[in-house]
Structures are given as C-alpha cells and as structure tokens.
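> So that we are looking at the same thing, I have put the structure below in structure tokens.
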Amino acid sequence: MKPVVLQAENITKQFPGVVALKDVSFDLRAAEIHGLCGENGAGKSTLIKLISGIYPYGSYEGDFFVHGQLAKFRSLAAAQRAGIAVIYQELALVNDMTVGENIFLGSEPRTPQGLIDWHKVYHEARVLLQKFNVEIDPSEPVAKLGMGQKQLIEIVKALSKNSNMLVLDEPTAALGEHEVLTLLDILRDLRNRGIASIYVSHKLDELFAVCDRITVLRDGGSVAAFNTEQATKAQIIKYMVGRELGELFPRRRSKPGAAALEVEGLSVTDGDFGQRVLTDISFSLHVGEVMGIGGLMGAGRTELLMHLFGAWGTRLSGSVRLNGRELRAQKPEEIIRRGMVLVSEDRRRYGLILDKTVGFNLSLSSLAKLTKNRLIDEGLEFQKNNHFFQSLRVKAPTLEAPVAKLSGGTQQKVVLGKALMTEPLVIFLDEPTRGIDVGAKLEIYEIVNQLTDAGKAVLLVSSELPELIGMSDRILVLHEGRIAGEFDRDEATQEILLAAAMGQAHVMLT
Amino acid sequence: MQTTKSFRDFSLVIALVVICAFFAIASPQFLSARNLSLLTTELSITATLAMGMLLVILPGNIDLSAGSGVGLLGGIASVLVFEHNWPAPLAMGAASVTGIFIWFCMGNLIVRQKIPAFIITLGGLLIFKGLFWLVIHNSTIPIVQGGRANLYSVLTTFYLPPLAGYTLATLIVIALVLEKLRARKARQAYGFGVEDGEVLFLKLFLAAQLIFLFVIVTNKFRGIPLSAGILGVIAFAVYVLTAHTPFGRYLYAIGGNEEAAVISGVPVEKVVVGSFTIMGAIVAITGFMQTSYSGTSTTTVGDLMELDAIAACVIGGVSLKGGRGTVLGVLFGALIMACLLNGMTLLAVSPEFKFIARGAVLSLAVWMDVRLAR
C-alpha cells in the first residue's frame, strides 16, 4: 500500500457557540486523489483551512502529521513549505499580469544585480507548462484566459513551489464541461507523477470519475471513507444526509389560491462577466403557499431571488408575472411597490442600517406611505412600528434601541417587520433562520404560517433540508442554475432532495 | 452610545468657549458689537455652504468643487449685472439655475456612471476655477452698476431694524417652545422616554436667552445681518428635510448601509442626485453672499471654502463615511471655524499660520471622529 503523506487525527475545531469539526480523522496517501464531500456546512471548508494553516496550530484539538512527522502550521506559508498547496474557488491570480509573471509572483528569479531576470521567468514558465502538458503561452495576459485555463495556471504555480500535495476546493464550480475533462486528465497525470490531491466537490460524477477514495463529512464529523470501486452513489448520498427530522415544524397547510408569482423560461447571466447562472427556470407560486427552494451552495438559489427582486443579474430571456400582471419593474423600489419583498440571507449586509434604531429600520421601506404633506407623520409611523414591534415580539427595550446590539433572532425579526410593513403579496425568505436560536426559529415558522393564512405567498430558500421539508408545501430543487426537480412535501425526503441537488435525480435510492 | 453622544456635544461647547475666551483675552475687540456682527456674517456664509455639504456627506459622498462653484456662480451674476446690465434678481436667478443644473449633472455622473464623488468634484474644482477666471477675464468685476445698491450688494450690507429683530426673536422663541411641548406630548403618548421637565425648561430658557442675547448684541451695531436670516431659513429647511422627510431618512440610510438601503427599496439614485441638486442651489446662494461680502468678483473668491465647509461638518460630528450628523452639530462646527478665522484676523496672524491653524483644527476633528466612531 502507498505511504500516508498527510494524516489528521481526531481533529476538533470549535468556533464560539458552534463545533465545526468534531473528532475528524482523515488520511491522504501518496499518488492518490482523495475526494471529500458533504452537505453545505458539513465542515469541508473548515478542514481545508486547518490543513492549509489558515487556522493556525493551537486553535484546534488533535494532530496533523506530514510524512509521519507532527505538523504545527502557524500560517499558510508554513503549510506551503511542507509541500501543501491550496487552489481556491476564488482564484488568486493577478489578472493584469502575464501567465509567467503570475507563476513566479513573489519568487521571481533575480539577475546578479538584483533585478528580475525576465528571460528566466518566461523560459522556466514555458518548461513548467510543457512538463504538465498545459498548452498556454507564458507571455499571455491572465485576463485573456478562461476559468479553466486559470485553474491550470494556479496548479502549475503551486507545483512550481515543489508542492506534492494539492488541495482543490470545488475546482469545477465555474468550469464548462470540456474544461472539466481537461482538469481531470491533468489531475490523473499528476497522480501518476506521485502527487497527492484532496478533491473537494459535491459533484458525484466527478468524484467517481477521478478519486481513488472518498470521505464523507456530515455535521462536522467524518462518517465514512470508501474505496471508490466499492462504493455506490446511493450509498454516498445516504451518508451525507441523516440529520434528524426531530425538530418541530408547525407548518399548517392552507389551501392554495390563485397564482401570485409566475416565472416562465427565465435565464439570467451575472452582470459582470456574462456568465450564465440561471437557465430556463419556470414555476408558479400560489397565494397561501410556501414554496421551498433547495440546492447546494452556488446552485443559484440566492441569485434567483435577488434577480426576481431586481437587485442582481442581466436577464437573457423569460417573463415574470406578479398577481396576473406582467412585472416589468427593474429596481427593488418599484418591485416593493408592486407587492414583492425580499428578506436577505445576509441581514447585516443587506438587511439593516446597523447604527440606527429599531424604529428607523422598521419603517424604512414604507416611509412613502407614512407621510402627510410630504413630511413623515410621526404618529402614524409610531403606530405602524409599534404594531410590528409587538406582533412580531421584537425583544428590544424600545423602538429607539440601536439594532446593532440586538441578538441575531431579534435583528431578523426587525428585517422581517420591515418587509411586512410594505404589505406585500409575495415574500422571499432567503435562509431566514440562519444563525438564530431555536426559540426564534419557531417564532419565525409561526410567522410564515400566519402569512400564508393571511393570503400571502412565500418563497423560502433554506440549506437545512429538514427545515425545507418541514416548512414548504412544494419544493423546487436547483442544480447548476437549472430546476433539477419539483417535489410535493409528502414525497420529499432528504435523500431525494439531496440527490436532485447533486444532479443525481436518476440514482435509485433504496 | 448615549454617553459618547453627550460627550461629543459637550466637547464642542467646551471647545467653543475656550476659543472665544482665548481671543477675548488676547484681543479686547473680539467681543465688540461691531466684530460680533462681522463674525455673524462670516459665520452665515460658511455655515450656509456647510448645510449643503451636510446633505452631500450624509449619504457618503463629498463635494470638493463647492469653493470653485462659489466663485463661478457669484462671478456669473456679477458679469451679468456689471457688463450686461441685467437687473440683480434676474442675474442671480440665472446663476442659480446654472448652479442647480451643473450639480444635477454631477450627481447623475456619480450615480449612473459610478464614478466616485471625490473624483467628479475634484474635476469640478479645477474646471469651475478655470471657467470662473474665463467668465471674469482674470479681472475684478464689481457687483453693482454705477455704485447703486442692488439686491446683490445688500445681501451682506442690509441689517434688520432693531424692532423687527426683537419681534422676530420673540416669534422664534414662542415657536420653539410650542414645538418642543408638542413633541414632548407626542413622545409621551407613544410611550417613549422624555427628559425631565425641569431640564427641558432649562434648555428652552437657555436657548431663549442666547437668541435674545444675539439680537441685543447685533442691535448694538446695526441690527441682525440679512445673511444671518438667510442662514436661518436654509438651516431650518435642511433641518426639516433631514429630520422629518423620507428624503432625509434615505440620506442617513444610504450613508449607513447603501446595499441594505437598495434592498429596502430606497431610491438611492434619485436621493443622491437630489442631494447634489440642492447643493447646487446652496452653492449659488453662498456664492452671492461671499461675492457680496468681498464687494467684487476677483480670482480668489471662494478659495478653499469647500474645505471650511467640510471642516465645519466634521467638527460638528458628521461622519465622512456617511450616515451620521445633524444640522445643529454643523452649525456649532461652523461657529468654531468662524471664530478661529475671525479671531486670527483680529490678532493679525499672518496667512501662513492661518493656514496651518485651520489644517491643524481639521486634522484634530477628523482624528476625534475616527476615535469616536470606533
């Protein structure tokens, strides 16, 4: 058997209030590709940050061994010296420099006079690129390359520093099909040269195509390690889910009424690079209904909500009808007036004016309706604020308390109150219970029930499968910007949803 | 938070008292009725511009072109009056429209082309300065025709008669008391905390005394300067705008967190363009007052006034990141700047050291701003 090059023993990593990894053991052998998969929040990123020294030695319990020796990485640089290189999702290349410059950035060969030896830079870059079968001209500016080529440059750059362990974090998230094949070929080639890789991905096809072994993480623990030849996709999915459905979800079904929001053939690119993010999305959401939207990180869930709300992306095609009428509005301010409102997943960034009071935030979206002779009618504003302050049971001393000092759950209620004060017909809730305590979660579920009882329609994005199943009447699953399946809550199980989210809807689950 | 705020307010008052005491001792003329009247006019000009600057800074922008704009718009009015024989009101109207249009365009460039306000207005600073010198052909243009006073020239030479001054002061005090009582009652009805009745009485009593003291002192010279009245009207309008309208709330919301403001349905682009458009009108008014005060349009009118206005804002507790600041604070800040400049002129401090002192005070204020923002 091949020797173990990197070993993690009983690693536990805690953050204030959360255990991100508990008692995880993992080993990487020479000349192997080791897949690492798990749901959102299973602890993949945390493990990578520990291996690469971003979370330094001493901030975790347990031990890492490199070639059998105890490793104490205090920084990224220390891990690099030990031969570990991490290729991140957000590429760390300087766009305005050439391929050669990027490969040797920070370690440029010098002439005897101390100047950069440009001939050597480009010569050695060419040699390296040829060695790894990458057909790119070293004098090409990086900005002109595609995502896949950039990824290869990153890998060559890492290998130029004599790394023998590569960590690839979702390397194919932004790649086209052809680029994925090239990357996988190069990884196999590197394996033949003795280089060990950790391949983090939730794309089962790729994991099965390239990995020798696969380790599954769930809720911060390593639950299983397979030899790929002996594993099946259904098995892996089964191990990835398995969170308890124990929590109480007090969803009361109400009778769906007329269509509130109809989306037809929606395709959207991100505004900056013109990259297609959503493709051919169609669904209709009815009054009195909660439609859940599931999918893995990067599947386009938040982008869908943000785009429908007029805050993101460029529409290529498709139409949106709100309450039976074509919705042509382009900006959030207009869309709120038409009766649609968004509660963002990131309340500190998109939800609150943090240094202002509870009252200031509650009424912010509704001020135009609270004026008399163009001045704010303070009496009316107070009545409205007080109504939501009390009915949502916002746990702040008064309306004049600054929101920055409130707990996460209370802040979330303020954002929710602000949205509800606009008297919307359709409410988008993006991860509405992220980072808040169980009591506040239950209160938010109850509010959702009251909204559908009152004839409103809710679009709910959640990464927690039990919550998604517990709170939705129907569930739409996105995979790489497309609808991968639509399920009634009665037929939805965690396995089925996850299989669809991973693009494996055809896998037979038994 | 509450303690920091009161400490800030308090520190402003202390700084003002210390500065005044220093100049009063160093130069007995500082507290003379004549000098205080002059000081009032200088304060009015700086503070008026600072009111506009407040509207621009609240949503997180800045206007470096205001000083050049003051010279240019004043210069346009002067040339129309002196060289083209336009009646003063018409000339000032034309210059105001020009100002409103230019600042409306700058606001649009900032929000639609996403160019930082710093860059756009830095360009404006240079362009308006050049245009100004072109308009007045690098010479000195009087603001009146044949020495006859007109609306333009009386901006800084007209004083309210004593009786009118007293009547105005009485009315303002009555309005202030009624408004405070109404607001207090409303707050009680909503169940908000209110300050102690005696504290309120004391505050109102102090405010009334200051208002009457101001009238008595200015009446000892010639009366309340017209420019002080202009400042009063503009400061009141900006106060209502910032504290009692959706537009004002939006200014604070954008400065506090622009992304959240967009998602909350705040019409960010309209509000920012609006703040710059109002700034255009205020730059025009300041331009008329400043040019009128110096008597002619010359190449140096308006020099560095944008920095005095920004300094007044920062000293008065306006955050340069946006989202924080009040009209009252800016008035205090402008008063501190005006006292410093006036006092140094009385003591015949050389221009070199005046610059250095202004810079030092500004740096000190920004440093305090950063410290307190933590």
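Here, A, B, ... name the chains of the structure tokens in the order displayed, residue numbers run from 1 inside each chain, and ligands are numbered from 1 in the same displayed order.
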Could you name the residues that touch Ala47 (chain B) at 7 Å or less, counting only C-alpha atoms, but leaving out those on the same chain fewer than 4 positions away, as a list of chain:residue names?

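Neighbouring residues, sequence-local ones excluded: B:Leu43, B:Met51, B:Ala309, B:Leu331, B:Ala334.
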
> Output C-alpha atoms for every residue in the selection just made, as a tab-separated table (two decimals), in the first residue's frame.


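This is the output file out.tsv:
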chain	number	residue	atom	x	y	z
B	43	LEU	CA	-20.38	82.51	10.01
B	51	MET	CA	-25.61	72.93	5.28
B	309	ALA	CA	-17.50	73.64	4.88
B	331	LEU	CA	-23.86	74.99	13.00
B	334	ALA	CA	-19.15	76.34	11.52

> Select residues of chain A: the criterion is any atom within 6 Å of an atom of chain B, counting only C-alpha atoms; output as a PyMOL selection string.

chain A and resi 332-333+350-353+365+367+375-376

> Excluding Arg213 (chain A) and its own-chain neighbours fewer than 5 positions away, which residues fall within 12 Å of it when counting only C-alpha atoms? Please give them as a PyMOL selection string.

chain A and resi 26-29+31-37+196-200+207-208+224-231+236

> Can you pull out every residue within 8 Å of Gly71 (chain B), counting only C-alpha atoms, but drop anything in the same chain fewer than 6 positions away, and send it as a short mmCIF file (atom, residue, chain, number, x, y, z; two decimals) with N, CA and C atoms, in the first residue's frame?


data_model
loop_
_atom_site.label_atom_id
_atom_site.label_comp_id
_atom_site.auth_asym_id
_atom_site.auth_seq_id
_atom_site.Cartn_x
_atom_site.Cartn_y
_atom_site.Cartn_z
N LYS B 129 -12.97 76.46 -11.48
CA LYS B 129 -11.99 77.53 -11.24
C LYS B 129 -11.60 78.15 -12.58
N PHE B 132 -14.48 80.09 -14.04
CA PHE B 132 -14.65 81.33 -13.27
C PHE B 132 -13.71 82.41 -13.81
N GLY B 287 -22.42 81.65 -3.01
CA GLY B 287 -21.62 82.44 -3.96
C GLY B 287 -22.04 83.90 -3.96
N THR B 291 -19.46 86.73 -2.58
CA THR B 291 -19.03 87.76 -3.53
C THR B 291 -19.49 89.14 -3.03
N SER B 297 -16.19 90.43 -7.71
CA SER B 297 -15.72 89.11 -8.11
C SER B 297 -14.26 89.22 -8.49
N THR B 299 -10.38 86.82 -8.61
CA THR B 299 -9.97 85.42 -8.83
C THR B 299 -9.89 84.59 -7.56
N THR B 300 -9.82 85.22 -6.40
CA THR B 300 -9.63 84.41 -5.18
C THR B 300 -10.94 84.13 -4.44
N VAL B 301 -12.06 84.67 -4.94
CA VAL B 301 -13.33 84.45 -4.21
C VAL B 301 -13.66 82.96 -4.18
N GLY B 302 -13.95 82.47 -2.99
CA GLY B 302 -14.36 81.08 -2.84
C GLY B 302 -13.21 80.12 -2.61
N ASP B 303 -11.96 80.62 -2.67
CA ASP B 303 -10.81 79.73 -2.49
C ASP B 303 -10.92 78.95 -1.19
#

> Name all residues at most 9 Å from region 183-191 of chain A (count only C-alpha atoms; drop same-chain ones fewer than 5 positions away) and give them as a PyMOL selection string.

chain A and resi 30-33+132-134+148-149+151-152+171-172+178+196-197+206+209-210

> For the residues in the current selection, export N, CA and C atoms as a compact mmCIF listing (two decimals), in the first residue's frame.


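selection-v5.txt was written with the following content:
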# COMPACT_ATOMS: atom_id res chain seq x y z
N ALA A 30 0.23 8.92 -0.77
CA ALA A 30 0.98 9.40 -1.93
C ALA A 30 0.30 8.90 -3.20
N ALA A 31 0.36 9.72 -4.24
CA ALA A 31 -0.15 9.34 -5.56
C ALA A 31 -1.59 8.84 -5.49
N GLU A 32 -2.42 9.56 -4.74
CA GLU A 32 -3.84 9.24 -4.81
C GLU A 32 -4.65 10.54 -4.92
N ILE A 33 -5.86 10.39 -5.41
CA ILE A 33 -6.80 11.52 -5.38
C ILE A 33 -7.90 11.14 -4.42
N PHE A 132 3.76 19.80 -17.52
CA PHE A 132 2.44 19.34 -17.07
C PHE A 132 1.40 19.34 -18.20
N ASN A 133 1.89 19.37 -19.44
CA ASN A 133 1.00 19.27 -20.60
C ASN A 133 -0.05 20.37 -20.66
N VAL A 134 0.32 21.57 -20.21
CA VAL A 134 -0.62 22.69 -20.28
C VAL A 134 -0.22 23.55 -21.47
N GLY A 148 -11.09 27.79 -16.81
CA GLY A 148 -10.41 26.51 -16.73
C GLY A 148 -8.91 26.67 -16.86
N GLN A 149 -8.50 27.52 -17.81
CA GLN A 149 -7.06 27.74 -18.00
C GLN A 149 -6.45 28.40 -16.78
N GLN A 151 -7.40 28.04 -13.77
CA GLN A 151 -7.27 27.00 -12.76
C GLN A 151 -5.97 26.21 -12.97
N LEU A 152 -5.68 25.89 -14.25
CA LEU A 152 -4.46 25.13 -14.56
C LEU A 152 -3.22 25.94 -14.20
N PRO A 171 -13.12 22.74 -7.50
CA PRO A 171 -12.37 23.29 -8.63
C PRO A 171 -13.18 23.45 -9.89
N THR A 172 -14.30 22.74 -10.02
CA THR A 172 -15.02 22.78 -11.29
C THR A 172 -16.29 23.62 -11.21
N HIS A 178 -16.01 20.78 -21.10
CA HIS A 178 -14.74 20.44 -21.71
C HIS A 178 -13.57 20.76 -20.78
N ALA A 196 -0.18 13.84 -4.53
CA ALA A 196 -1.44 13.51 -3.85
C ALA A 196 -2.38 14.70 -3.89
N SER A 197 -3.67 14.47 -4.14
CA SER A 197 -4.63 15.57 -4.21
C SER A 197 -5.83 15.30 -3.31
N GLU A 206 -17.94 13.56 -10.91
CA GLU A 206 -16.50 13.83 -10.94
C GLU A 206 -15.77 13.04 -9.87
N ALA A 209 -15.37 9.68 -11.03
CA ALA A 209 -14.53 9.56 -12.21
C ALA A 209 -13.05 9.62 -11.86
N VAL A 210 -12.69 10.37 -10.84
CA VAL A 210 -11.27 10.66 -10.67
C VAL A 210 -10.69 10.18 -9.33

> Could you give me, as a PDB file with C-alpha atoms, in the first residue's frame, the residues within 12 Å of Arg252 (chain A), counting only C-alpha atoms and dropping anything in the same chain fewer than 6 positions from it?


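Writing the result to out-v9.pdb gives the following:
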ATOM      1  CA  GLY A 288     -51.422  30.740   0.611  1.00  0.00           C
ATOM      2  CA  GLU A 289     -48.465  28.590  -0.364  1.00  0.00           C
ATOM      3  CA  VAL A 290     -44.884  28.192   0.782  1.00  0.00           C
ATOM      4  CA  TYR A 445     -42.018  29.456  11.365  1.00  0.00           C
ATOM      5  CA  GLU A 446     -45.195  30.584  13.099  1.00  0.00           C
ATOM      6  CA  ILE A 447     -44.999  33.961  11.328  1.00  0.00           C
ATOM      7  CA  VAL A 448     -44.706  32.129   7.991  1.00  0.00           C
ATOM      8  CA  ASN A 449     -47.891  30.206   8.851  1.00  0.00           C
ATOM      9  CA  GLN A 450     -49.721  33.417   9.676  1.00  0.00           C
ATOM     10  CA  LEU A 451     -48.617  34.944   6.381  1.00  0.00           C
ATOM     11  CA  THR A 452     -49.999  32.124   4.256  1.00  0.00           C
ATOM     12  CA  ASP A 453     -53.181  32.108   6.366  1.00  0.00           C
ATOM     13  CA  GLY A 470     -40.907  20.797   7.256  1.00  0.00           C
ATOM     14  CA  MET A 471     -41.914  24.287   6.162  1.00  0.00           C
ATOM     15  CA  SER A 472     -42.668  24.016   2.432  1.00  0.00           C
ATOM     16  CA  ASP A 473     -45.789  22.859   0.640  1.00  0.00           C
TER      17      ASP A 473
END

> Work out how far CA of Leu166 (chain A) is from CA of Gly100 (chain A), in Å to one decimal.

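Going from CA of Gly100 (chain A) over to CA of Leu166 (chain A) covers 20.4 Å.
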
> Please measure the separation of CA of Val17 (chain B) and CA of Cys339 (chain B), giving the value in Å to one decimal.

10.3 Å

> I'd like the contact shell of Ala77 (chain A) - 10 Å cut-off, only C-alpha atoms, skipping same-chain residues fewer than 6 positions apart - returned as a list in words.

Ser52, Gly53, Ile54, Gly83, Ile84 and Ala85 of chain A

> How about saving the chosen residues, N, CA and C atoms kept, as a PDB file, in the first residue's frame?


ATOM      1  N   SER A  52      -4.400  23.812   5.533  1.00  0.00           N
ATOM      2  CA  SER A  52      -3.552  24.782   4.856  1.00  0.00           C
ATOM      3  C   SER A  52      -2.992  25.843   5.790  1.00  0.00           C
ATOM      4  N   GLY A  53      -3.241  25.703   7.099  1.00  0.00           N
ATOM      5  CA  GLY A  53      -2.601  26.611   8.051  1.00  0.00           C
ATOM      6  C   GLY A  53      -3.310  27.941   8.240  1.00  0.00           C
ATOM      7  N   ILE A  54      -4.484  28.134   7.626  1.00  0.00           N
ATOM      8  CA  ILE A  54      -5.208  29.395   7.814  1.00  0.00           C
ATOM      9  C   ILE A  54      -5.707  29.494   9.255  1.00  0.00           C
ATOM     10  N   GLY A  83       4.892  21.552   1.608  1.00  0.00           N
ATOM     11  CA  GLY A  83       4.512  20.923   0.348  1.00  0.00           C
ATOM     12  C   GLY A  83       3.021  20.891   0.080  1.00  0.00           C
ATOM     13  N   ILE A  84       2.228  21.654   0.866  1.00  0.00           N
ATOM     14  CA  ILE A  84       0.771  21.647   0.672  1.00  0.00           C
ATOM     15  C   ILE A  84       0.369  22.921  -0.072  1.00  0.00           C
ATOM     16  N   ALA A  85      -0.346  22.781  -1.171  1.00  0.00           N
ATOM     17  CA  ALA A  85      -0.803  23.955  -1.911  1.00  0.00           C
ATOM     18  C   ALA A  85      -2.314  23.876  -2.074  1.00  0.00           C
TER      19      ALA A  85
END
